[in-house]
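Student: Okay, so here is input-v5.cif, and as you'll see once you scroll down, it has mmCIF, C-alpha atoms.
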```
data_coords
#
loop_
_atom_site.label_atom_id
_atom_site.label_comp_id
_atom_site.auth_asym_id
_atom_site.auth_seq_id
_atom_site.Cartn_x
_atom_site.Cartn_y
_atom_site.Cartn_z
CA MET L 175 0.00 0.00 0.00
CA VAL L 176 1.19 3.48 -0.83
CA ASP L 177 1.15 5.18 2.52
CA GLU L 178 2.80 8.54 1.99
CA LEU L 179 1.86 9.76 -1.48
CA ASN L 180 2.84 13.29 -0.58
CA SER L 181 5.53 14.23 1.84
CA ARG L 182 4.58 16.49 4.70
CA GLU L 183 6.44 19.47 3.32
CA THR L 184 4.65 19.61 -0.03
CA VAL L 185 1.21 20.07 1.52
CA THR L 186 0.87 23.64 2.76
CA LEU L 187 -1.80 24.88 5.16
CA GLY L 188 -3.04 27.19 2.41
CA ALA L 189 -3.50 24.26 0.02
CA LEU L 190 -5.38 22.31 2.71
CA PHE L 191 -7.70 25.25 3.33
CA LEU L 192 -8.37 26.05 -0.33
CA GLU L 193 -8.87 22.48 -1.52
CA PHE L 194 -11.28 21.71 1.32
CA ALA L 195 -13.10 24.98 0.68
CA LYS L 196 -13.49 23.81 -2.93
CA ILE L 197 -14.92 20.50 -1.73
CA GLY L 198 -17.33 22.30 0.60
CA LEU L 199 -18.48 24.93 -1.89
CA CYS L 200 -18.87 22.62 -4.91
CA GLY L 201 -20.33 19.69 -3.01
CA ILE L 202 -24.02 20.38 -3.38
CA GLY L 203 -25.98 17.19 -2.85
CA SER L 204 -22.90 15.03 -2.37
CA LEU L 205 -19.73 16.20 -0.68
CA LEU L 206 -18.25 12.73 -0.81
CA ALA L 207 -18.00 12.66 -4.62
CA TRP L 208 -16.06 15.94 -4.52
CA ALA L 209 -13.90 14.86 -1.59
CA HIS L 210 -12.94 11.74 -3.56
CA ARG L 211 -12.26 13.72 -6.72
CA VAL L 212 -10.03 16.32 -5.07
CA ILE L 213 -8.24 14.11 -2.52
CA VAL L 214 -7.64 11.00 -4.67
CA ASP L 215 -7.80 12.09 -8.33
CA GLU L 216 -6.48 15.65 -8.29
CA ARG L 217 -4.10 16.06 -5.33
CA HIS L 218 -3.18 12.39 -4.68
CA TRP L 219 -3.34 13.04 -0.94
CA MET L 220 -4.65 9.50 -0.45
CA SER L 221 -4.67 6.34 -2.55
CA GLU L 222 -7.98 4.82 -3.63
CA ALA L 223 -7.58 2.16 -0.93
CA GLU L 224 -6.68 4.59 1.84
CA PHE L 225 -9.67 6.78 0.99
CA ALA L 226 -12.04 3.82 1.23
CA GLU L 227 -10.50 2.68 4.53
CA THR L 228 -10.68 6.15 6.03
CA LEU L 229 -14.29 6.50 5.03
CA SER L 230 -15.08 3.15 6.70
CA LEU L 231 -13.51 4.33 9.91
CA CYS L 232 -15.40 7.64 9.67
CA GLN L 233 -18.70 5.79 9.50
CA PHE L 234 -18.03 4.37 12.94
CA LEU L 235 -16.97 7.65 14.48
CA PRO L 236 -19.49 10.22 15.69
CA GLY L 237 -20.07 13.33 13.59
CA PRO L 238 -20.41 14.01 9.85
CA GLU L 239 -18.11 11.69 7.87
CA ASN L 240 -16.89 14.47 5.55
CA ALA L 241 -15.82 16.57 8.54
CA ASN L 242 -13.92 13.56 9.87
CA ILE L 243 -12.21 13.06 6.48
CA SER L 244 -10.97 16.66 6.62
CA ILE L 245 -9.64 16.01 10.14
CA TYR L 246 -7.85 12.89 8.87
CA VAL L 247 -6.19 14.54 5.87
CA GLY L 248 -5.25 17.68 7.82
CA SER L 249 -3.71 15.76 10.70
CA LYS L 250 -1.93 13.32 8.36
CA PHE L 251 0.10 16.11 6.76
CA ARG L 252 0.18 18.93 9.31
CA GLY L 253 -0.93 17.62 12.71
CA PRO L 254 -3.59 19.33 14.87
CA VAL L 255 -3.16 22.69 13.12
CA GLY L 256 -3.65 21.06 9.72
CA ALA L 257 -6.76 19.26 10.97
CA THR L 258 -8.24 22.55 12.19
CA VAL L 259 -7.37 24.38 8.97
CA ALA L 260 -8.80 21.64 6.72
CA PHE L 261 -12.00 21.51 8.78
CA LEU L 262 -12.41 25.30 8.69
CA GLY L 263 -11.82 25.28 4.93
CA LEU L 264 -14.50 22.65 4.49
CA THR L 265 -17.07 24.40 6.67
CA ALA L 266 -16.54 28.18 7.02
CA ALA L 267 -17.24 29.56 3.52
CA PRO L 268 -20.08 27.12 2.71
CA LEU L 269 -21.71 27.89 6.06
CA ALA L 270 -21.65 31.63 5.32
CA VAL L 271 -23.11 31.08 1.85
CA GLY L 272 -25.65 28.58 3.14
CA LEU L 273 -26.83 30.79 6.01
CA VAL L 274 -27.36 33.81 3.72
CA LEU L 275 -29.11 31.81 0.98
CA GLY L 276 -31.05 29.77 3.51
CA ILE L 277 -32.42 32.83 5.29
CA LEU L 278 -33.31 34.40 1.89
CA TYR L 279 -35.01 31.20 0.83
CA LEU L 280 -37.07 31.23 4.04
CA ARG L 281 -38.22 34.78 3.22
CA TYR L 282 -39.20 33.97 -0.37
CA PRO L 283 -40.13 30.32 -0.30
CA HIS L 284 -40.99 28.01 -3.13
CA LEU L 285 -40.10 29.95 -6.27
CA PRO L 286 -40.77 27.28 -8.93
CA VAL L 287 -37.64 27.99 -10.98
CA ILE L 288 -35.43 27.44 -7.91
CA GLN L 289 -37.18 24.16 -7.14
CA ASN L 290 -36.58 23.07 -10.77
CA ILE L 291 -32.88 23.95 -10.73
CA LEU L 292 -32.48 22.09 -7.42
CA GLY L 293 -34.26 19.10 -8.93
CA GLY L 294 -31.76 18.90 -11.79
CA ILE L 295 -28.79 19.30 -9.47
CA SER L 296 -29.98 16.59 -7.07
CA ALA L 297 -30.47 14.10 -9.91
CA ALA L 298 -26.90 14.68 -11.13
CA ALA L 299 -25.46 14.63 -7.59
CA ALA L 300 -27.04 11.21 -7.05
CA GLY L 301 -25.30 9.90 -10.17
CA MET L 302 -21.98 11.32 -8.96
CA LEU L 303 -22.32 9.56 -5.61
CA ILE L 304 -23.11 6.20 -7.25
CA ALA L 305 -20.05 6.61 -9.49
CA THR L 306 -17.87 7.36 -6.45
CA GLY L 307 -19.03 4.15 -4.76
CA ILE L 308 -18.22 2.14 -7.90
CA LYS L 309 -14.74 3.71 -8.11
CA MET L 310 -14.07 2.79 -4.47
CA LEU L 311 -15.05 -0.80 -5.22
CA MET L 312 -12.63 -1.12 -8.17
CA PRO L 313 -9.51 -2.07 -6.12
CA HIS L 314 -11.54 -4.95 -4.62
CA ARG L 315 -13.14 -6.22 -7.82
CA ARG L 316 -11.15 -9.47 -7.81
CA ARG L 317 -12.25 -10.43 -4.29
CA PRO L 318 -15.59 -12.23 -4.50
CA ALA L 319 -16.11 -11.87 -0.72
CA ALA L 320 -15.76 -8.08 -1.00
CA LEU L 321 -18.30 -7.87 -3.83
CA PHE L 322 -20.64 -10.13 -1.86
CA PHE L 323 -20.57 -7.97 1.28
CA ALA L 324 -20.93 -4.74 -0.73
CA LEU L 325 -24.02 -6.24 -2.36
CA LEU L 326 -25.39 -7.37 1.03
CA ALA L 327 -24.92 -3.89 2.51
CA PHE L 328 -26.66 -2.31 -0.49
CA ALA L 329 -29.55 -4.80 -0.28
CA GLY L 330 -29.86 -4.37 3.49
CA ILE L 331 -30.42 -0.64 3.11
CA ILE L 332 -32.45 -0.55 -0.11
CA PHE L 333 -34.58 -3.71 0.01
CA VAL L 334 -34.74 -4.64 3.70
CA LYS L 335 -34.71 -0.92 4.67
CA LEU L 336 -32.49 -1.47 7.70
CA PRO L 337 -31.04 1.56 9.50
CA LEU L 338 -27.37 2.32 8.83
CA LEU L 339 -26.23 1.27 12.28
CA ALA L 340 -28.00 -2.10 11.98
CA VAL L 341 -26.28 -2.79 8.65
CA LEU L 342 -22.90 -1.89 10.11
CA ALA L 343 -23.41 -3.93 13.29
CA GLY L 344 -24.75 -6.94 11.39
CA LEU L 345 -22.38 -7.14 8.42
CA VAL L 346 -19.05 -5.76 9.60
CA PRO L 347 -18.21 -8.60 12.04
CA LEU L 348 -19.03 -11.20 9.34
CA SER L 349 -17.07 -9.31 6.71
CA ILE L 350 -14.03 -8.97 8.97
CA ALA L 351 -14.22 -12.65 9.94
CA GLY L 352 -14.34 -13.50 6.23
CA ALA L 353 -11.28 -11.36 5.51
CA GLY L 354 -9.48 -13.05 8.44
CA VAL L 355 -10.19 -16.55 7.10
CA MET L 356 -9.10 -15.58 3.60
CA SER L 357 -5.81 -14.08 4.76
CA ARG L 358 -5.04 -17.18 6.86
CA ARG L 359 -5.65 -19.36 3.82
CA ALA L 360 -3.38 -17.17 1.76
CA GLU L 361 -0.49 -17.71 4.17
CA MET E 179 -31.15 23.32 31.94
CA SER E 180 -34.34 25.36 32.08
CA SER E 181 -32.55 28.29 33.74
CA LEU E 182 -30.04 28.67 30.87
CA PRO E 183 -30.74 31.09 28.01
CA ALA E 184 -32.19 29.24 25.02
CA PRO E 185 -29.14 29.44 22.67
CA VAL E 186 -26.81 28.16 25.42
CA ALA E 187 -29.15 25.31 26.33
CA LEU E 188 -29.49 24.36 22.65
CA ALA E 189 -25.73 24.44 21.98
CA ALA E 190 -24.99 22.40 25.13
CA GLN E 191 -27.51 19.76 24.12
CA LEU E 192 -26.15 19.64 20.54
CA ALA E 193 -22.61 19.19 21.86
CA LEU E 194 -23.73 16.16 23.88
CA LEU E 195 -25.58 14.66 20.91
CA SER E 196 -22.56 15.33 18.67
CA LEU E 197 -20.49 12.99 20.87
CA ILE E 198 -22.90 10.07 20.37
CA SER E 199 -23.80 10.72 16.72
CA PHE E 200 -22.30 7.46 15.47
CA GLY E 201 -22.93 7.15 11.76
CA GLY E 202 -23.43 10.90 11.37
CA ILE E 203 -25.69 13.63 12.74
CA PRO E 204 -28.84 12.23 11.04
CA SER E 205 -28.75 9.36 13.54
CA VAL E 206 -29.54 11.81 16.36
CA LEU E 207 -31.98 13.90 14.32
CA PRO E 208 -35.00 12.38 16.13
CA ASP E 209 -33.55 13.51 19.50
CA ILE E 210 -32.91 17.00 18.14
CA HIS E 211 -36.48 17.13 16.80
CA THR E 212 -37.85 16.13 20.19
CA LEU E 213 -35.84 18.85 21.90
CA VAL E 214 -36.38 21.85 19.61
CA VAL E 215 -39.91 21.12 18.33
CA VAL E 216 -41.72 18.97 20.89
CA THR E 217 -40.21 19.90 24.26
CA LYS E 218 -39.08 23.50 23.80
CA GLY E 219 -41.19 24.68 20.85
CA TRP E 220 -38.28 26.80 19.52
CA VAL E 221 -39.14 25.95 15.89
CA THR E 222 -42.28 24.51 14.29
CA ASP E 223 -42.51 21.13 12.57
CA ARG E 224 -42.77 22.90 9.22
CA GLU E 225 -39.64 24.99 9.88
CA PHE E 226 -37.74 21.87 10.96
CA ALA E 227 -38.62 20.15 7.65
CA ASP E 228 -37.80 23.29 5.62
CA PHE E 229 -34.41 23.65 7.33
CA TYR E 230 -33.64 20.05 6.46
CA ALA E 231 -34.56 20.52 2.78
CA ILE E 232 -32.63 23.82 2.50
CA ALA E 233 -29.54 22.28 4.09
CA GLN E 234 -29.58 19.41 1.59
CA ALA E 235 -29.73 21.84 -1.34
CA MET E 236 -26.91 24.14 -0.19
CA PRO E 237 -23.13 23.70 -0.39
CA GLY E 238 -21.22 22.49 2.64
CA LEU E 239 -22.12 20.04 5.39
CA PRO E 240 -25.91 19.81 5.51
CA MET E 241 -26.27 19.04 9.20
CA ILE E 242 -24.05 21.93 10.33
CA LEU E 243 -26.15 24.30 8.22
CA MET E 244 -29.41 22.83 9.49
CA MET E 245 -28.35 23.23 13.14
CA SER E 246 -27.13 26.77 12.40
CA LEU E 247 -30.52 27.68 10.92
CA ILE E 248 -32.21 26.37 14.07
CA GLY E 249 -29.66 28.37 16.09
CA TRP E 250 -30.43 31.44 13.99
CA GLN E 251 -34.11 31.08 14.82
CA VAL E 252 -33.36 30.67 18.52
CA GLY E 253 -30.64 33.27 19.01
CA GLY E 254 -29.66 35.13 15.82
CA LEU E 255 -26.09 35.07 14.51
CA THR E 256 -24.58 34.13 17.88
CA GLY E 257 -27.01 31.24 18.14
CA ALA E 258 -26.15 30.11 14.59
CA LEU E 259 -22.40 30.12 15.23
CA ALA E 260 -22.72 28.45 18.65
CA CYS E 261 -24.78 25.65 17.09
CA ALA E 262 -22.29 25.19 14.21
CA VAL E 263 -19.43 24.74 16.69
CA ALA E 264 -21.46 22.50 19.02
CA THR E 265 -22.54 20.21 16.16
CA CYS E 266 -19.01 19.34 15.05
CA GLY E 267 -16.53 20.36 17.74
CA PRO E 268 -16.90 17.38 20.07
CA SER E 269 -17.14 14.75 17.31
CA CYS E 270 -14.12 16.18 15.46
CA THR E 271 -12.06 15.98 18.65
CA VAL E 272 -13.01 12.32 19.06
CA ALA E 273 -12.15 11.65 15.40
CA PHE E 274 -8.74 13.30 15.76
CA ALA E 275 -7.90 11.15 18.79
CA ALA E 276 -9.11 8.01 17.01
CA PHE E 277 -6.96 8.68 13.91
CA ARG E 278 -3.89 9.26 16.09
CA LEU E 279 -4.49 5.99 17.91
CA GLY E 280 -5.22 4.10 14.68
CA HIS E 281 -2.05 5.39 13.02
CA ARG E 282 0.06 3.97 15.82
CA PHE E 283 -1.15 0.44 15.04
CA ARG E 284 -1.40 1.00 11.31
CA ASP E 285 0.81 -1.89 10.22
CA ALA E 286 -0.48 -4.46 12.70
CA PRO E 287 -1.81 -7.51 10.81
CA TRP E 288 -5.20 -7.39 12.57
CA GLN E 289 -5.75 -3.82 11.38
CA GLN E 290 -5.22 -4.81 7.76
CA ILE E 291 -7.77 -7.61 8.13
CA VAL E 292 -10.23 -5.23 9.80
CA ARG E 293 -9.80 -2.75 6.94
CA ARG E 294 -10.30 -5.41 4.26
CA GLY E 295 -13.51 -6.40 6.01
CA LEU E 296 -14.78 -2.86 6.59
CA VAL E 297 -14.33 -1.41 3.13
CA PRO E 298 -16.82 -3.53 1.14
CA VAL E 299 -19.63 -2.77 3.62
CA THR E 300 -18.81 0.95 3.41
CA VAL E 301 -18.85 0.88 -0.38
CA GLY E 302 -22.21 -0.89 -0.42
CA ILE E 303 -23.58 1.83 1.87
CA VAL E 304 -22.19 4.62 -0.36
CA ILE E 305 -23.82 3.16 -3.48
CA ALA E 306 -27.07 2.64 -1.55
CA SER E 307 -27.02 6.32 -0.45
CA GLY E 308 -26.60 7.35 -4.08
CA TYR E 309 -29.51 5.12 -5.01
CA VAL E 310 -31.72 6.64 -2.28
CA LEU E 311 -30.82 10.16 -3.48
CA ALA E 312 -31.57 9.16 -7.06
CA ARG E 313 -34.98 7.82 -6.10
CA ALA E 314 -35.75 11.01 -4.13
CA ALA E 315 -34.84 13.15 -7.17
CA ASP E 316 -36.58 10.82 -9.63
CA THR E 317 -39.55 12.72 -11.06
CA GLY E 318 -39.60 10.82 -14.36
CA TRP E 319 -37.35 9.34 -17.04
CA GLU E 320 -35.67 12.71 -17.62
CA ALA E 321 -34.35 12.87 -14.05
CA ALA E 322 -33.28 9.23 -14.20
CA ALA E 323 -31.44 9.94 -17.47
CA ILE E 324 -29.56 12.83 -15.81
CA THR E 325 -28.56 10.56 -12.91
CA GLY E 326 -27.34 7.91 -15.36
CA ALA E 327 -25.48 10.43 -17.52
CA ALA E 328 -23.78 11.99 -14.47
CA ALA E 329 -22.64 8.56 -13.23
CA GLY E 330 -21.40 7.63 -16.72
CA LEU E 331 -19.45 10.88 -17.15
CA MET E 332 -17.83 10.49 -13.71
CA LEU E 333 -16.77 6.91 -14.44
CA GLY E 334 -15.82 7.16 -18.10
CA THR E 335 -14.37 10.66 -18.48
CA ARG E 336 -12.42 13.24 -16.52
CA THR E 337 -15.12 15.89 -16.91
CA ASN E 338 -15.10 18.46 -14.12
CA PRO E 339 -18.14 17.56 -11.98
CA LEU E 340 -18.99 21.26 -11.69
CA TRP E 341 -20.01 21.28 -15.38
CA ILE E 342 -22.18 18.24 -14.80
CA LEU E 343 -23.97 20.01 -11.93
CA ILE E 344 -24.33 23.32 -13.83
CA THR E 345 -25.71 21.56 -16.92
CA ALA E 346 -28.13 19.51 -14.84
CA GLY E 347 -29.25 22.65 -12.96
CA ALA E 348 -29.79 24.48 -16.27
CA ILE E 349 -31.82 21.60 -17.71
CA GLY E 350 -33.95 21.67 -14.55
CA GLY E 351 -34.25 25.46 -14.57
CA LEU E 352 -35.53 25.42 -18.16
CA GLY E 353 -38.35 23.18 -16.98
CA LEU E 354 -37.19 20.16 -18.97
CA ILE E 355 -37.38 17.68 -16.09
#
```
In structure tokens, what does this structure look like?
Tutor:
Amino acid sequence: MVDELNSRETVTLGALFLEFAKIGLCGIGSLLAWAHRVIVDERHWMSEAEFAETLSLCQFLPGPENANISIYVGSKFRGPVGATVAFLGLTAAPLAVGLVLGILYLRYPHLPVIQNILGGISAAAAGMLIATGIKMLMPHRRRPAALFFALLAFAGIIFVKLPLLAVLAGLVPLSIAGAGVMSRRAE
Amino acid sequence: MSSLPAPVALAAQLALLSLISFGGIPSVLPDIHTLVVVTKGWVTDREFADFYAIAQAMPGLPMILMMSLIGWQVGGLTGALACAVATCGPSCTVAFAAFRLGHRFRDAPWQQIVRRGLVPVTVGIVIASGYVLARAADTGWEAAAITGAAAGLMLGTRTNPLWILITAGAIGGLGLI
């Protein structure tokens, strides 16, 4: 696994702030798709595998997973200061924009053209999120057990309509046990 | 808590809920609803639903914005900022400590097995979330076609996603969906 794709020195606090601000400001509907694009595809701050692993961990931690990803990337390169800067980049500017627009929207609710624009954006954002999930699965495409558990998690949420925590609690122990057995066999 | 001013009481409660929001803030949304709508009556049911919808449609982290809008209603700008900090501050501190601890054991064999087991479940959940969003936005074949085209462009090309969103917004704004 490629652990350090960038050395500490090449990632400045300014770059952390600006790139996470970009993720926050562009990420309407789905921040995760943008986080993946910027962190993995554009800046190579994490490998595909590390991104997927970090996201898994973030799902178990309290708080919004995208905020936790910014904490991870910031602290990986620049310690506690980097974590704070990345988190502020992700949240400060979008919060200002969102508060102003949100309060305006509450004053003048339900303009049809705004609803229509939002409808188009949400449909595209959904497609972007699905594509991000498929990209994250690509490094595991040759492991039948991985594809099986991804399918089970999808089915558990969509068809059985289980809550997120129930899916995690039910499938993760089995999936980890499966990975343990496979790695023992491989030895 | 009844003696505290409303914005302080709200922020304190949010900070506590932030610590136990495993799986994200939406998992404690029912508790927040109980507090601000049912028990305290700070916002109405309709406002609560509107704040949720607005937050989903805006840039940034939806739940921080939603809590800030509630804070705005309860205590103006100070209330909004206090709620933004309370929603994420405690959980971010926990995450930071967890990453530090995890990094120390990064190369232990058991951690690699745990990661190989965790990732597929996570990926299934991500794709399921995209599917749920797509169904929520699905007002007909036109919307479904936009979802499919966006996914195809992301997978098959290096198109900047911003153009995908702008084009989709324009198509919607022209009333074509």
Student: Set the distance at 10 Å and use all atoms listed in the file: which residues neighbour Asp316 in chain E once local chain neighbours fewer than 3 positions away are removed? I'd like the list as a list in words.
Tutor: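 Non-adjacent residues within range: Gly293, Gly294, Ser296, Ala297 and Ala300 of chain L; Val310, Leu311, Ala312, Arg313, Trp319, Glu320, Ala321, Ala322, Ala323, Ile324, Thr325 and Ile355 of chain E.
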Student: Using C-alpha atoms, can you write the selected residues to a file as an mmCIF file, keeping the file's coordinate frame?
Tutor:
```
data_model
loop_
_atom_site.group_PDB
_atom_site.id
_atom_site.type_symbol
_atom_site.label_atom_id
_atom_site.label_comp_id
_atom_site.auth_asym_id
_atom_site.auth_seq_id
_atom_site.Cartn_x
_atom_site.Cartn_y
_atom_site.Cartn_z
ATOM 1 C CA GLY L 293 -34.260 19.100 -8.930
ATOM 2 C CA GLY L 294 -31.760 18.900 -11.790
ATOM 3 C CA SER L 296 -29.980 16.590 -7.070
ATOM 4 C CA ALA L 297 -30.470 14.100 -9.910
ATOM 5 C CA ALA L 300 -27.040 11.210 -7.050
ATOM 6 C CA VAL E 310 -31.720 6.640 -2.280
ATOM 7 C CA LEU E 311 -30.820 10.160 -3.480
ATOM 8 C CA ALA E 312 -31.570 9.160 -7.060
ATOM 9 C CA ARG E 313 -34.980 7.820 -6.100
ATOM 10 C CA TRP E 319 -37.350 9.340 -17.040
ATOM 11 C CA GLU E 320 -35.670 12.710 -17.620
ATOM 12 C CA ALA E 321 -34.350 12.870 -14.050
ATOM 13 C CA ALA E 322 -33.280 9.230 -14.200
ATOM 14 C CA ALA E 323 -31.440 9.940 -17.470
ATOM 15 C CA ILE E 324 -29.560 12.830 -15.810
ATOM 16 C CA THR E 325 -28.560 10.560 -12.910
ATOM 17 C CA ILE E 355 -37.380 17.680 -16.090
#
```
Student: Give me, as a VMD selection string, all polymer residues having an atom no more than 7 Å from range 331-342 of chain E, counting all atoms listed in the file and skipping those fewer than 4 positions away in the same chain.
Tutor: (chain L and resid 200 298 302 305) or (chain E and resid 327 346)
Student: Counting all atoms listed in the file, which of E:Ile248, E:Ile305, E:Leu296, E:Ile344 gets nearest to Ala320 in chain L?
Tutor: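 So, comparing all the options, the nearest one is E:Leu296.
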Student: Could you list the residues in chain L lying within 7 Å of chain E, using all atoms listed in the file, and format the result as a VMD selection string?
Tutor: chain L and resid 198 to 203 226 to 227 230 233 to 239 242 245 to 246 264 to 265 268 to 269 272 to 273 276 287 290 to 298 300 to 305 307 310 to 311 320 to 321 323 to 325 327 to 328 331 to 332 339 346 349 to 350 353 to 354
Student: For the atom pair CA of Arg211 in chain L and CA of Pro254 in chain L, what is the interatomic distance in Å to one decimal place?
Tutor: 23.9 Å
Student: If you measure from CA of Ala209 in chain L to CA of Val255 in chain L, what distance in Å do you get, rounded to one decimal?
Tutor: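 CA of Ala209 in chain L sits 19.8 Å away from CA of Val255 in chain L.
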Student: Box along x, y and z, 3 Å on every side, all listed atoms of range 227-230 of chain L inside: centre and edge lengths in Å to one decimal, as JSON.
Tutor:
```
{"center_x": -12.8, "center_y": 4.6, "center_z": 5.6, "size_x": 10.6, "size_y": 9.8, "size_z": 8.2}
```
Student: Interatomic distance between CA of Ala270 in chain L and CA of Leu192 in chain E?
Tutor: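 Straight-line distance from CA of Ala270 in chain L to CA of Leu192 in chain E works out to 19.9 Å.
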